[in-house]
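Source file entry-v7.txt; content: compact mmCIF, C-alpha atoms.
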# COMPACT_ATOMS: atom_id res chain seq x y z
CA MET A 637 204.56 111.21 -16.28
CA ARG A 638 205.05 109.03 -13.25
CA GLY A 639 208.69 110.11 -13.13
CA LEU A 640 207.68 113.77 -13.17
CA VAL A 641 205.21 113.26 -10.30
CA ALA A 642 207.89 111.46 -8.33
CA ALA A 643 210.35 114.26 -9.00
CA ILE A 644 207.85 116.95 -7.95
CA MET A 645 207.03 115.00 -4.81
CA ALA A 646 210.72 114.59 -4.03
CA VAL A 647 211.31 118.33 -4.39
CA MET A 648 208.31 119.07 -2.18
CA LEU A 649 209.53 116.59 0.41
CA VAL A 650 212.95 118.23 0.47
CA ALA A 651 211.32 121.64 0.79
CA VAL A 652 209.11 120.51 3.67
CA LEU A 653 212.07 118.86 5.38
CA ALA A 654 214.23 121.95 4.91
CA TYR A 655 211.43 124.09 6.29
CA ALA A 656 211.05 121.82 9.32
CA ILE A 657 214.79 121.55 9.93
CA THR A 658 215.28 125.31 9.82
CA ALA A 659 212.20 126.21 11.92
CA PRO A 660 212.98 128.39 14.95
CA SER A 661 212.56 126.76 18.35
CA VAL A 662 211.34 129.06 21.11
CA LEU A 663 210.36 129.03 24.76
CA SER A 664 206.73 129.69 25.68
CA GLU A 665 205.38 131.82 28.52
CA GLY A 666 205.06 128.69 30.67
CA GLY A 667 208.83 128.17 30.34
CA LEU A 668 209.60 131.32 32.34
CA PRO A 669 210.25 131.01 36.09
CA THR A 670 208.38 133.09 38.62
CA HIS A 671 211.03 135.68 39.27
CA GLU A 672 210.80 139.28 40.35
CA ALA A 673 213.06 141.19 37.97
CA ASP A 674 215.93 143.01 39.69
CA ALA A 675 217.38 145.84 37.59
CA THR A 676 220.38 146.29 39.91
CA ALA A 677 221.38 142.66 39.48
CA GLY A 678 220.73 143.16 35.78
CA GLN A 679 223.31 145.95 35.68
CA GLN A 680 225.99 143.46 36.75
CA ILE A 681 224.87 141.09 33.99
CA PHE A 682 225.01 143.99 31.53
CA ARG A 683 228.65 144.57 32.53
CA ALA A 684 229.56 140.88 32.55
CA GLY A 685 227.95 140.52 29.12
CA GLY A 686 229.68 143.55 27.65
CA CYS A 687 226.48 144.52 25.81
CA ALA A 688 227.66 148.11 25.45
CA SER A 689 230.88 147.11 23.70
CA CYS A 690 228.87 146.36 20.56
CA HIS A 691 225.47 148.02 21.05
CA ALA A 692 226.53 151.49 22.25
CA SER A 693 226.44 153.80 19.24
CA PRO A 694 229.92 154.82 18.08
CA VAL A 695 230.83 158.47 18.68
CA ASP A 696 232.77 160.14 15.86
CA GLY A 697 233.55 156.74 14.43
CA LYS A 698 235.06 155.46 17.68
CA ARG A 699 233.73 153.26 20.43
CA ALA A 700 231.57 155.02 22.99
CA ARG A 701 233.19 155.98 26.26
CA GLY A 702 231.84 156.96 29.68
CA ALA A 703 228.12 157.76 29.82
CA ASP A 704 227.79 157.26 26.05
CA LYS A 705 228.16 153.54 26.71
CA LEU A 706 224.56 153.54 27.96
CA LEU A 707 223.15 154.85 24.66
CA LEU A 708 222.46 151.55 22.94
CA GLY A 709 221.40 152.83 19.54
CA GLY A 710 223.58 150.34 17.68
CA GLY A 711 225.13 151.12 14.32
CA MET A 712 228.59 149.69 14.87
CA GLU A 713 229.75 147.67 11.88
CA LEU A 714 231.32 144.27 12.49
CA ALA A 715 233.43 143.13 9.58
CA SER A 716 233.76 139.39 9.01
CA GLY A 717 234.69 136.98 6.29
CA LYS A 718 230.99 136.53 5.51
CA GLY A 719 230.23 140.22 5.09
CA THR A 720 229.43 143.14 7.36
CA PHE A 721 227.06 142.84 10.30
CA VAL A 722 225.43 146.02 11.57
CA VAL A 723 224.68 146.04 15.29
CA PRO A 724 221.01 146.82 16.05
CA ASN A 725 219.42 149.34 18.43
CA ILE A 726 218.56 147.66 21.76
CA SER A 727 217.64 150.84 23.63
CA PRO A 728 214.09 150.95 25.05
CA HIS A 729 212.92 153.14 22.14
CA LEU A 730 209.43 151.96 21.16
CA GLU A 731 209.90 152.08 17.39
CA ASP A 732 213.64 151.77 16.78
CA GLY A 733 214.72 149.78 19.83
CA ILE A 734 213.29 146.92 21.86
CA GLY A 735 210.90 148.97 24.00
CA ARG A 736 207.89 146.91 22.92
CA TRP A 737 209.48 143.56 23.63
CA SER A 738 207.99 141.30 26.29
CA THR A 739 210.26 139.49 28.71
CA LEU A 740 209.57 136.33 26.73
CA ASP A 741 210.65 138.05 23.49
CA PHE A 742 213.91 139.04 25.17
CA VAL A 743 214.49 135.56 26.59
CA ASN A 744 214.00 133.96 23.17
CA ALA A 745 216.42 136.40 21.57
CA MET A 746 219.09 135.79 24.21
CA LEU A 747 218.73 132.06 24.73
CA ARG A 748 217.40 130.79 21.39
CA GLY A 749 218.61 133.41 18.92
CA VAL A 750 215.09 134.03 17.65
CA SER A 751 213.49 137.46 17.11
CA PRO A 752 209.97 138.36 18.32
CA ASP A 753 208.70 137.89 14.75
CA GLY A 754 210.16 134.40 14.59
CA ARG A 755 213.30 134.97 12.52
CA HIS A 756 216.73 133.56 13.35
CA TYR A 757 219.46 135.89 14.47
CA TYR A 758 222.91 135.51 13.01
CA PRO A 759 225.37 134.22 15.61
CA SER A 760 227.32 137.48 15.30
CA PHE A 761 224.92 138.20 18.18
CA PRO A 762 226.52 135.72 20.60
CA TYR A 763 223.40 133.91 21.79
CA THR A 764 225.53 130.80 21.24
CA SER A 765 227.13 131.77 24.59
CA TYR A 766 224.17 133.55 26.18
CA ALA A 767 222.14 130.33 25.80
CA ARG A 768 224.07 129.03 28.83
CA MET A 769 222.72 131.84 31.01
CA ARG A 770 220.25 131.39 33.83
CA LEU A 771 216.75 132.58 32.96
CA GLU A 772 216.70 134.77 36.08
CA ASP A 773 219.82 136.61 34.92
CA VAL A 774 218.31 137.24 31.50
CA ILE A 775 215.11 138.57 33.07
CA ASP A 776 217.15 140.87 35.35
CA LEU A 777 219.12 142.11 32.35
CA LYS A 778 215.91 143.04 30.54
CA ALA A 779 214.77 145.00 33.60
CA TYR A 780 218.07 146.93 33.57
CA LEU A 781 217.93 147.66 29.83
CA ASP A 782 214.43 149.06 30.38
CA THR A 783 215.93 151.74 32.66
CA LEU A 784 218.34 153.08 30.00
CA PRO A 785 217.70 156.10 27.76
CA GLU A 786 215.68 155.69 24.57
CA VAL A 787 217.77 156.25 21.47
CA SER A 788 216.09 156.89 18.13
CA GLY A 789 217.33 155.67 14.79
CA GLY A 790 217.29 152.19 13.37
CA SER A 791 220.43 150.64 11.97
CA ALA A 792 221.07 149.44 8.44
CA ALA A 793 220.59 145.83 7.37
CA HIS A 794 223.51 143.41 7.41
CA ASP A 795 225.48 143.27 4.19
CA LEU A 796 226.25 139.59 3.64
CA GLY A 797 227.22 137.53 0.63
CA PHE A 798 225.37 134.44 -0.59
CA PRO A 799 224.61 131.95 0.97
CA TRP A 800 225.02 133.77 4.32
CA SER A 801 222.34 136.21 3.22
CA LEU A 802 219.74 133.40 3.54
CA ARG A 803 218.70 133.95 7.13
CA ARG A 804 216.50 130.87 7.28
CA GLY A 805 219.60 128.75 6.74
CA ILE A 806 220.69 129.67 10.27
CA GLY A 807 218.11 127.10 11.39
CA ALA A 808 220.21 124.34 9.85
CA TRP A 809 223.37 125.93 11.25
CA LYS A 810 221.85 125.86 14.73
CA ARG A 811 221.07 122.15 14.42
CA LEU A 812 224.71 121.47 13.58
CA TYR A 813 226.50 123.89 15.87
CA PHE A 814 224.24 125.46 18.50
CA ASP A 815 225.36 123.65 21.67
CA THR A 816 223.98 125.08 24.89
CA GLY A 817 225.98 122.75 27.15
CA PHE A 818 229.07 123.99 28.98
CA VAL A 819 232.38 123.37 27.23
CA VAL A 820 234.71 122.57 30.14
CA ALA A 821 233.04 119.77 32.08
CA THR A 822 235.76 119.53 34.72
CA ALA A 823 235.06 123.07 35.93
CA ALA A 824 231.90 121.85 37.67
CA THR A 825 233.90 120.35 40.53
CA ASP A 826 234.38 123.52 42.56
CA PRO A 827 232.04 126.47 43.22
CA LEU A 828 234.67 129.05 42.26
CA LEU A 829 235.47 127.31 38.96
CA GLU A 830 231.79 126.80 38.28
CA ARG A 831 231.12 130.51 38.77
CA GLY A 832 234.07 131.35 36.52
CA ARG A 833 232.82 128.93 33.89
CA TYR A 834 229.37 130.47 33.99
CA LEU A 835 230.77 133.97 33.50
CA VAL A 836 233.26 133.02 30.76
CA GLU A 837 231.16 130.54 28.77
CA GLY A 838 227.83 132.31 29.37
CA PRO A 839 227.35 136.08 29.63
CA GLY A 840 231.05 136.98 29.20
CA HIS A 841 231.11 135.13 25.85
CA CYS A 842 234.94 135.15 25.92
CA GLY A 843 235.10 132.16 23.57
CA GLU A 844 233.44 134.12 20.76
CA CYS A 845 236.71 135.99 20.11
CA HIS A 846 239.34 133.82 21.84
CA THR A 847 238.33 130.54 20.13
CA PRO A 848 238.96 129.93 16.42
CA ARG A 849 236.03 129.23 14.08
CA ASN A 850 235.58 126.70 11.31
CA TRP A 851 234.59 127.59 7.76
CA PHE A 852 230.94 127.80 8.82
CA ALA A 853 231.87 130.31 11.51
CA ALA A 854 231.18 127.81 14.30
CA LEU A 855 233.54 127.79 17.28
CA ASP A 856 236.08 124.93 17.35
CA ALA A 857 235.42 123.48 20.82
CA GLY A 858 238.59 121.41 20.49
CA ARG A 859 240.58 124.63 20.52
CA TRP A 860 238.56 126.33 23.25
CA LEU A 861 240.13 129.72 24.17
CA ALA A 862 243.35 128.84 22.30
CA GLY A 863 243.46 132.13 20.38
CA ALA A 864 242.19 133.18 16.97
CA PRO A 865 242.75 135.69 14.18
CA SER A 866 241.46 139.11 15.12
CA PRO A 867 238.02 139.68 13.60
CA ALA A 868 239.07 143.27 12.97
CA GLY A 869 241.84 142.08 10.65
CA ASP A 870 245.11 143.23 12.25
CA GLY A 871 246.80 141.22 14.96
CA ARG A 872 245.65 138.20 16.91
CA VAL A 873 243.32 137.46 19.79
CA PRO A 874 245.59 135.71 22.31
CA ASN A 875 245.54 132.17 23.60
CA ILE A 876 244.13 132.39 27.15
CA THR A 877 244.44 128.70 28.06
CA PRO A 878 247.23 127.69 30.50
CA ALA A 879 249.38 126.98 27.41
CA GLY A 880 249.18 130.62 26.32
CA LYS A 881 252.13 132.79 27.27
CA ASN A 882 250.10 135.03 29.57
CA VAL A 883 247.93 132.64 31.56
CA SER A 884 250.87 130.21 31.91
CA ALA A 885 253.06 132.89 33.48
CA TRP A 886 250.50 134.71 35.60
CA SER A 887 249.01 133.69 38.94
CA ILE A 888 245.27 133.78 39.56
CA GLU A 889 245.86 137.03 41.44
CA ASP A 890 247.82 138.47 38.49
CA ILE A 891 244.97 137.68 36.09
CA ALA A 892 242.41 139.17 38.45
CA TYR A 893 244.60 142.28 38.81
CA TYR A 894 244.78 142.59 35.03
CA PHE A 895 240.98 142.55 34.91
CA GLU A 896 240.80 145.17 37.66
CA SER A 897 243.58 147.52 36.53
CA GLY A 898 244.22 146.82 32.85
CA PHE A 899 247.88 146.05 33.58
CA THR A 900 249.85 142.86 33.12
CA PRO A 901 252.24 141.84 35.93
CA ASP A 902 255.10 143.61 34.12
CA PHE A 903 252.91 146.63 33.42
CA ASP A 904 252.15 146.35 29.80
CA ALA A 905 248.73 147.90 29.31
CA VAL A 906 245.63 146.24 27.94
CA GLY A 907 245.00 147.32 24.34
CA GLY A 908 242.69 146.97 21.39
CA SER A 909 239.14 145.76 21.80
CA MET A 910 240.07 144.14 25.15
CA VAL A 911 240.11 147.62 26.70
CA ALA A 912 236.31 147.83 26.62
CA VAL A 913 236.11 144.29 28.02
CA GLN A 914 238.54 145.11 30.83
CA GLU A 915 236.58 148.25 31.75
CA ASN A 916 233.54 146.03 32.25
CA LEU A 917 235.47 143.42 34.20
CA ALA A 918 236.75 146.19 36.50
CA GLN A 919 233.13 146.82 37.48
CA LEU A 920 232.42 143.24 38.52
CA THR A 921 233.00 142.07 42.10
CA ALA A 922 236.50 140.99 43.13
CA ASP A 923 235.05 137.50 43.70
CA ASP A 924 233.83 137.29 40.11
CA ARG A 925 237.18 138.46 38.74
CA GLU A 926 238.89 135.78 40.82
CA ALA A 927 236.42 133.16 39.58
CA ILE A 928 237.15 133.98 35.94
CA ALA A 929 240.89 133.91 36.61
CA ALA A 930 240.65 130.55 38.41
CA TYR A 931 238.64 129.10 35.53
CA LEU A 932 241.22 130.25 32.97
CA LYS A 933 243.99 128.53 34.96
CA ALA A 934 241.89 125.33 35.01
CA VAL A 935 240.79 124.95 31.38
CA PRO A 936 242.63 122.40 29.16
CA ALA A 937 245.98 123.76 28.00
CA ILE A 938 246.03 123.97 24.21
CA GLU A 939 249.17 125.02 22.34
CA MET B 19 293.33 155.50 34.91
CA SER B 20 294.89 152.15 34.17
CA ALA B 21 295.08 150.87 30.61
CA MET B 22 292.75 148.04 31.54
CA LYS B 23 290.12 150.42 32.87
CA ARG B 24 290.43 152.55 29.77
CA VAL B 25 289.85 149.55 27.51
CA VAL B 26 286.79 148.54 29.48
CA LEU B 27 285.42 152.08 29.43
CA VAL B 28 285.94 152.48 25.70
CA ALA B 29 284.34 149.10 25.07
CA ALA B 30 281.36 149.99 27.24
CA LEU B 31 280.94 153.34 25.53
CA SER B 32 281.13 151.86 22.06
CA VAL B 33 278.51 149.26 23.00
CA LEU B 34 276.27 152.01 24.31
CA PHE B 35 276.78 154.11 21.20
CA SER B 36 276.10 151.24 18.86
CA MET B 37 272.93 150.43 20.81
CA SER B 38 271.65 153.98 20.67
CA ALA B 39 272.64 154.19 17.02
CA ALA B 40 270.65 151.04 16.30
CA ALA B 41 267.70 152.37 18.25
CA GLY B 42 267.98 155.73 16.54
CA ASP B 43 268.23 154.26 13.08
CA SER B 44 264.56 154.54 12.37
CA PRO B 45 261.47 156.07 13.94
CA GLN B 46 260.18 152.54 14.56
CA GLY B 47 263.30 151.55 16.50
CA GLU B 48 263.45 154.82 18.36
CA ARG B 49 259.84 154.75 19.53
CA GLN B 50 260.16 151.10 20.54
CA ALA B 51 263.20 151.93 22.67
CA LEU B 52 261.38 154.89 24.18
CA MET B 53 258.36 152.72 24.94
CA LYS B 54 260.64 150.28 26.77
CA ASP B 55 261.76 153.11 29.05
CA VAL B 56 258.13 154.04 29.61
CA ARG B 57 257.33 150.43 30.52
CA GLU B 58 260.16 150.33 33.08
CA SER B 59 258.83 153.48 34.69
CA ALA B 60 255.26 152.17 34.56
CA LYS B 61 256.51 149.13 36.48
CA VAL B 62 257.79 151.37 39.30
CA ILE B 63 254.54 153.34 39.54
CA GLY B 64 252.32 150.32 38.94
CA ASN B 65 253.99 148.04 41.46
CA THR B 66 253.83 150.87 43.97
CA MET B 67 250.09 151.20 43.40
CA ARG B 68 249.66 147.44 43.56
CA GLY B 69 251.50 147.38 46.91
CA LYS B 70 254.33 145.21 45.61
CA ILE B 71 256.95 147.85 46.45
CA ASP B 72 256.96 150.51 49.17
CA TYR B 73 255.91 154.00 48.26
CA ASP B 74 259.02 156.02 47.47
CA ALA B 75 258.02 159.48 46.24
CA ALA B 76 261.46 160.17 44.75
CA ALA B 77 261.34 157.00 42.64
CA VAL B 78 257.82 157.80 41.51
CA ILE B 79 258.82 161.34 40.51
CA GLU B 80 261.77 159.98 38.54
CA SER B 81 259.37 157.69 36.68
CA LEU B 82 256.93 160.51 36.06
CA ASN B 83 259.77 162.53 34.55
CA VAL B 84 260.44 159.68 32.14
CA PHE B 85 256.76 159.85 31.17
CA ARG B 86 256.95 163.59 30.65
CA ASP B 87 260.02 163.42 28.44
CA ALA B 88 258.57 160.51 26.46
CA SER B 89 255.21 162.18 25.95
CA ALA B 90 257.00 165.25 24.60
CA ARG B 91 258.89 163.16 22.04
CA PHE B 92 256.32 160.58 20.97
CA GLY B 93 254.45 162.84 18.58
CA GLU B 94 257.39 163.19 16.22
CA LEU B 95 258.28 159.49 16.19
CA PHE B 96 255.39 158.45 13.95
CA PRO B 97 256.20 160.24 10.67
CA ALA B 98 254.69 159.25 7.34
CA GLY B 99 256.59 156.27 5.99
CA SER B 100 256.98 154.57 9.38
CA GLU B 101 253.56 152.88 9.27
CA THR B 102 255.02 149.41 8.84
CA GLY B 103 258.29 147.54 9.28
CA GLU B 104 260.52 146.49 12.17
CA GLU B 105 257.64 144.56 13.72
CA THR B 106 255.85 147.76 14.57
CA GLU B 107 252.61 147.38 16.50
CA ALA B 108 251.57 150.91 15.62
CA ALA B 109 248.00 150.81 14.29
CA PRO B 110 247.02 152.49 11.01
CA ALA B 111 244.66 154.64 13.10
CA ILE B 112 247.66 156.75 14.17
CA TRP B 113 247.97 158.10 10.63
CA GLU B 114 244.26 158.02 9.82
CA ASP B 115 243.34 159.92 12.97
CA ARG B 116 246.39 161.99 13.78
CA GLU B 117 244.38 164.50 15.77
CA GLY B 118 242.98 161.83 18.06
CA PHE B 119 246.42 160.29 18.52
CA ASP B 120 248.02 163.63 19.39
CA ALA B 121 245.15 164.39 21.78
CA ALA B 122 245.69 161.06 23.55
CA ILE B 123 249.38 161.88 24.03
CA SER B 124 248.50 165.36 25.31
CA LYS B 125 246.11 163.88 27.88
CA TRP B 126 248.92 161.68 29.14
CA ALA B 127 251.30 164.66 29.35
CA GLU B 128 248.74 166.78 31.19
CA ALA B 129 247.94 164.08 33.76
CA THR B 130 251.67 163.56 34.29
CA ASP B 131 252.20 167.30 34.85
CA VAL B 132 249.39 167.36 37.42
CA ALA B 133 251.01 164.47 39.32
CA LEU B 134 254.45 166.11 39.18
CA ALA B 135 253.05 169.44 40.37
CA GLY B 136 251.70 167.99 43.58
CA LEU B 137 252.47 164.39 44.38
CA PRO B 138 250.87 163.56 47.75
CA ASP B 139 252.99 162.16 50.59
CA THR B 140 250.94 159.07 51.29
CA LEU B 141 250.21 156.18 48.94
CA ASP B 142 246.47 156.33 49.58
CA GLU B 143 246.35 159.96 48.49
CA ALA B 144 248.78 159.41 45.62
CA LYS B 145 246.87 156.45 44.16
CA PRO B 146 244.09 158.39 42.41
CA VAL B 147 246.59 160.93 41.04
CA LEU B 148 248.83 158.17 39.70
CA GLY B 149 245.81 156.24 38.49
CA SER B 150 244.77 159.15 36.29
CA VAL B 151 248.25 159.10 34.75
CA MET B 152 248.36 155.33 34.28
CA GLN B 153 244.95 155.04 32.67
CA ASN B 154 246.39 156.86 29.67
CA CYS B 155 248.33 153.72 28.71
CA LYS B 156 245.19 151.88 27.66
CA GLY B 157 243.61 155.18 26.63
CA CYS B 158 246.08 155.19 23.74
CA HIS B 159 246.61 151.46 23.21
CA ASP B 160 242.94 150.76 22.60
CA ASP B 161 242.80 152.57 19.29
CA TYR B 162 246.42 153.02 18.31
CA ARG B 163 248.18 149.72 18.96
CA ILE B 164 247.75 146.43 17.11
CA GLU B 165 247.39 143.55 19.55
CA GLU B 166 249.65 140.59 18.89
CA ASP B 167 249.50 137.27 20.71
Rendering of file as structure tokens:
Amino acid sequence: MRGLVAAIMAVMLVAVLAYAITAPSVLSEGGLPTHEADATAGQQIFRAGGCASCHASPVDGKRARGADKLLLGGGMELASGKGTFVVPNISPHLEDGIGRWSTLDFVNAMLRGVSPDGRHYYPSFPYTSYARMRLEDVIDLKAYLDTLPEVSGGSAAHDLGFPWSLRRGIGAWKRLYFDTGFVVATAATDPLLERGRYLVEGPGHCGECHTPRNWFAALDAGRWLAGAPSPAGDGRVPNITPAGKNVSAWSIEDIAYYFESGFTPDFDAVGGSMVAVQENLAQLTADDREAIAAYLKAVPAIE
Amino acid sequence: MSAMKRVVLVAALSVLFSMSAAAGDSPQGERQALMKDVRESAKVIGNTMRGKIDYDAAAVIESLNVFRDASARFGELFPAGSETGEETEAAPAIWEDREGFDAAISKWAEATDVALAGLPDTLDEAKPVLGSVMQNCKGCHDDYRIEED
């Protein structure tokens, strides 16, 4: 009898601990700065963040182009080794999108990976990078999203295998792997590098594709930007450290020109999913393109 | 012609023939060789636009003609059975979405024809015309090429 009580108490203790460990951590209203939201500045964040590359609804089964990139109805399917993620509607639609979200709701989604109803988001939504963003930039982004057209239609639920289907488990994953610090410490020495680091490691979330992941789908910081298998299946996402064949051979100006034009120095054209990224980069300022290029030349070279 | 010259000429010709034979052996090889020509021409137009070389309308027109000839031939170089092999970077989407692929090639051909029909005399005026040709490279490579490291 005593043994049974002890066993029940042990199970309850584990359950309570698991509940506590996996509890979402959020910012409160008092954590927001006094900042007047600027939708125009938010548009630049929208481009730097590449939100449309995933959230714009596909047209005829292909990625949205031109004005369709502003119709953020979601629905794109992201295949992964853990199952299929379906990108949600983030248009300002009141029922199907995020039209009812407060600024605080949006900040907690972007920086903490927590939904307004207190559930964890899967890191297929790259809040793991966005967590490095300045609060002001996130607030500006929300103001810009609010100006976009409402799109109706919710998207289907993710289709994930066990144990990935247990959303609460993301709480434990976050404790192990959710690191909001910057990766490349040395890039803080120079304003240009620091700006580049902010764009790459924060809103640009370049590491989410260019860095390999471990079995738990967490980025391997020891191989930061050193290339990874393509999430789409075919091909590879290239190494963009100074040890990679492109960044090693190109000058800062060459890299910035690639971002602006979509052409390498010997006029191969950008291809694959990088095309949508490059189109966004082309809309940033020349200074920001240079900052990203300078940062890429300065990160640790990893073979 | 001296005997020496003849030997050199024959040797050169046989090298050329064997190269073109190798390139023409398969659709994969042929389209890869054709794409190399396109890349060389893209370098001329691209470096002109980038300001790395002076604007030379005759050189640009020559490159545009390479584009036009290539765009006319590309469609037939992706037959069924050439989906894989010879390190092809052709994406399965070419065969799954033939219509879209053909349309992308047509867009390239049309933009090239527009540029050939009236290439402006100054670089500043030529840039947007050439830009609308050059943007077709990524317009096709985004869906129809597999990206390798």
Nearby residues, (238.2, 141.3, 13.4) file frame, 9 Å, only C-alpha atoms, as a PyMOL selection string: chain A and resi 714-716+845+865-872
Can I get the selected residues back with C-alpha atoms, as a PDB file, in the coordinates of the input?
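The result, written out as result14.pdb:
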ATOM      1  CA  LEU A 714     231.320 144.270  12.490  1.00  0.00           C
ATOM      2  CA  ALA A 715     233.430 143.130   9.580  1.00  0.00           C
ATOM      3  CA  SER A 716     233.760 139.390   9.010  1.00  0.00           C
ATOM      4  CA  CYS A 845     236.710 135.990  20.110  1.00  0.00           C
ATOM      5  CA  PRO A 865     242.750 135.690  14.180  1.00  0.00           C
ATOM      6  CA  SER A 866     241.460 139.110  15.120  1.00  0.00           C
ATOM      7  CA  PRO A 867     238.020 139.680  13.600  1.00  0.00           C
ATOM      8  CA  ALA A 868     239.070 143.270  12.970  1.00  0.00           C
ATOM      9  CA  GLY A 869     241.840 142.080  10.650  1.00  0.00           C
ATOM     10  CA  ASP A 870     245.110 143.230  12.250  1.00  0.00           C
ATOM     11  CA  GLY A 871     246.800 141.220  14.960  1.00  0.00           C
ATOM     12  CA  ARG A 872     245.650 138.200  16.910  1.00  0.00           C
TER      13      ARG A 872
END
Report, in Å to a single decimal, how far apart CA of Trp851 in chain A and CA of Val723 in chain A are.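 Separation of CA of Val723 in chain A and CA of Trp851 in chain A: 22.3 Å.
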Based on all atoms listed in the file, which of the residues in chain B come within 7 Å of chain A? I want them as a VMD selection string. chain B and resid 57 60 to 61 64 155 to 156 159 to 161 163 to 167
Ser124 in chain B surroundings by all atoms listed in the file, 8 Å radius, close-in-sequence under 4 positions cut, as JSON, numbers by chain: {"B": [89, 120, 128]}
In Å, how far is it from CA of Ala793 in chain A to CA of Pro728 in chain A?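 CA of Ala793 in chain A sits 19.5 Å away from CA of Pro728 in chain A.
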Counting all atoms listed in the file, what is within 6 Å of Ser765 in chain A, bar same-chain residues fewer than 4 positions away, as a PyMOL selection string? chain A and resi 837-838+841
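Within 12 Å of the file-frame point (247.0, 146.4, 48.1), and using all atoms listed in the file, the polymer residues found are Glu889 and Tyr893 of chain A; Gly64, Asn65, Thr66, Met67, Arg68, Gly69, Lys70, Ile71, Asp72, Tyr73, Leu141, Asp142 and Lys145 of chain B.
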Can you work out which one of B:Ala51, B:Leu95, B:Ala111, B:Val78 has the shortest atom-to-atom distance to Gly697 in chain A, counting all atoms listed in the file?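 Result for the nearest residue to Gly697 in chain A: B:Ala111.
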Taking 5 positions as the minimum chain separation for residues in the same chain, which residues sit within 9 Å of Met53 in chain B when counting all atoms listed in the file? Answer as a list in words. Glu48, Glu58 and Ala88 of chain B
File of the preceding selection, C-alpha atoms, as a compact mmCIF listing (two decimals), in the coordinates of the input:
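The resulting file, again39.txt, is reproduced below:
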# COMPACT_ATOMS: atom_id res chain seq x y z
CA GLU B 48 263.45 154.82 18.36
CA GLU B 58 260.16 150.33 33.08
CA ALA B 88 258.57 160.51 26.46
As an exercise, work out the distance from CA of Ala885 in chain A to CA of Cys158 in chain B in Å and give it to one decimal place. 25.3 Å
Contacts of Ser661 in chain A at 12 Å (all atoms listed in the file; same-chain gap of 5+ positions) as a list of chain:residue names: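 In the requested form, the answer reads A:Ala656, A:Asn744, A:Ala745, A:Leu747, A:Arg748, A:Gly749, A:Val750, A:Ser751, A:Pro752, A:Gly754, A:Arg755, A:His756, A:Ile806, A:Gly807, A:Ala808, A:Lys810, A:Arg811, A:Phe814.
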Fewer than 6 positions away in the same chain doesn't count, so skip those; otherwise give me all residues within 8 Å of range 919-923 of chain A, counting only C-alpha atoms, as a list in words. Gln680, Arg683, Ala684, Ala892 and Glu896 of chain A
Could you work out an axis-aligned box for range 96-110 of chain B, taking every atom the file lists and adding 6 Å on each side, and report centre and edge lengths in Å to one decimal, as lines of an AutoDock Vina configuration file?
center_x = 253.8
center_y = 152.4
center_z = 11.2
size_x = 25.5
size_y = 27.7
size_z = 22.5
Which of B:Val62, B:Asp43, B:Gln50, B:Gly118 sits closest to Asp696 in chain A [using all atoms listed in the file]: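 When distances to Asp696 in chain A are compared using all atoms listed in the file, the smallest one comes from B:Gly118.
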Incomplete range 48-58 of chain B filled out to N, CA and C atoms as a PDB file, keeping the file's coordinate frame:
ATOM      1  N   GLU B  48     263.352 153.802  17.329  1.00  0.00           N
ATOM      2  CA  GLU B  48     263.450 154.820  18.360  1.00  0.00           C
ATOM      3  C   GLU B  48     262.224 154.814  19.281  1.00  0.00           C
ATOM      4  N   ARG B  49     261.034 154.713  18.669  1.00  0.00           N
ATOM      5  CA  ARG B  49     259.840 154.750  19.530  1.00  0.00           C
ATOM      6  C   ARG B  49     259.697 153.455  20.332  1.00  0.00           C
ATOM      7  N   GLN B  50     260.211 152.347  19.767  1.00  0.00           N
ATOM      8  CA  GLN B  50     260.160 151.100  20.540  1.00  0.00           C
ATOM      9  C   GLN B  50     261.080 151.174  21.745  1.00  0.00           C
ATOM     10  N   ALA B  51     262.255 151.778  21.549  1.00  0.00           N
ATOM     11  CA  ALA B  51     263.200 151.930  22.670  1.00  0.00           C
ATOM     12  C   ALA B  51     262.607 152.861  23.721  1.00  0.00           C
ATOM     13  N   LEU B  52     261.987 153.929  23.250  1.00  0.00           N
ATOM     14  CA  LEU B  52     261.380 154.890  24.180  1.00  0.00           C
ATOM     15  C   LEU B  52     260.252 154.223  24.965  1.00  0.00           C
ATOM     16  N   MET B  53     259.480 153.391  24.266  1.00  0.00           N
ATOM     17  CA  MET B  53     258.360 152.720  24.940  1.00  0.00           C
ATOM     18  C   MET B  53     258.869 151.743  25.996  1.00  0.00           C
ATOM     19  N   LYS B  54     260.054 151.173  25.754  1.00  0.00           N
ATOM     20  CA  LYS B  54     260.640 150.280  26.770  1.00  0.00           C
ATOM     21  C   LYS B  54     260.949 151.065  28.045  1.00  0.00           C
ATOM     22  N   ASP B  55     261.482 152.271  27.879  1.00  0.00           N
ATOM     23  CA  ASP B  55     261.760 153.110  29.050  1.00  0.00           C
ATOM     24  C   ASP B  55     260.463 153.423  29.794  1.00  0.00           C
ATOM     25  N   VAL B  56     259.432 153.718  29.007  1.00  0.00           N
ATOM     26  CA  VAL B  56     258.130 154.040  29.610  1.00  0.00           C
ATOM     27  C   VAL B  56     257.632 152.833  30.411  1.00  0.00           C
ATOM     28  N   ARG B  57     257.784 151.649  29.832  1.00  0.00           N
ATOM     29  CA  ARG B  57     257.330 150.430  30.520  1.00  0.00           C
ATOM     30  C   ARG B  57     258.070 150.252  31.841  1.00  0.00           C
ATOM     31  N   GLU B  58     259.387 150.480  31.845  1.00  0.00           N
ATOM     32  CA  GLU B  58     260.160 150.330  33.080  1.00  0.00           C
ATOM     33  C   GLU B  58     259.657 151.300  34.153  1.00  0.00           C
TER      34      GLU B  58
END
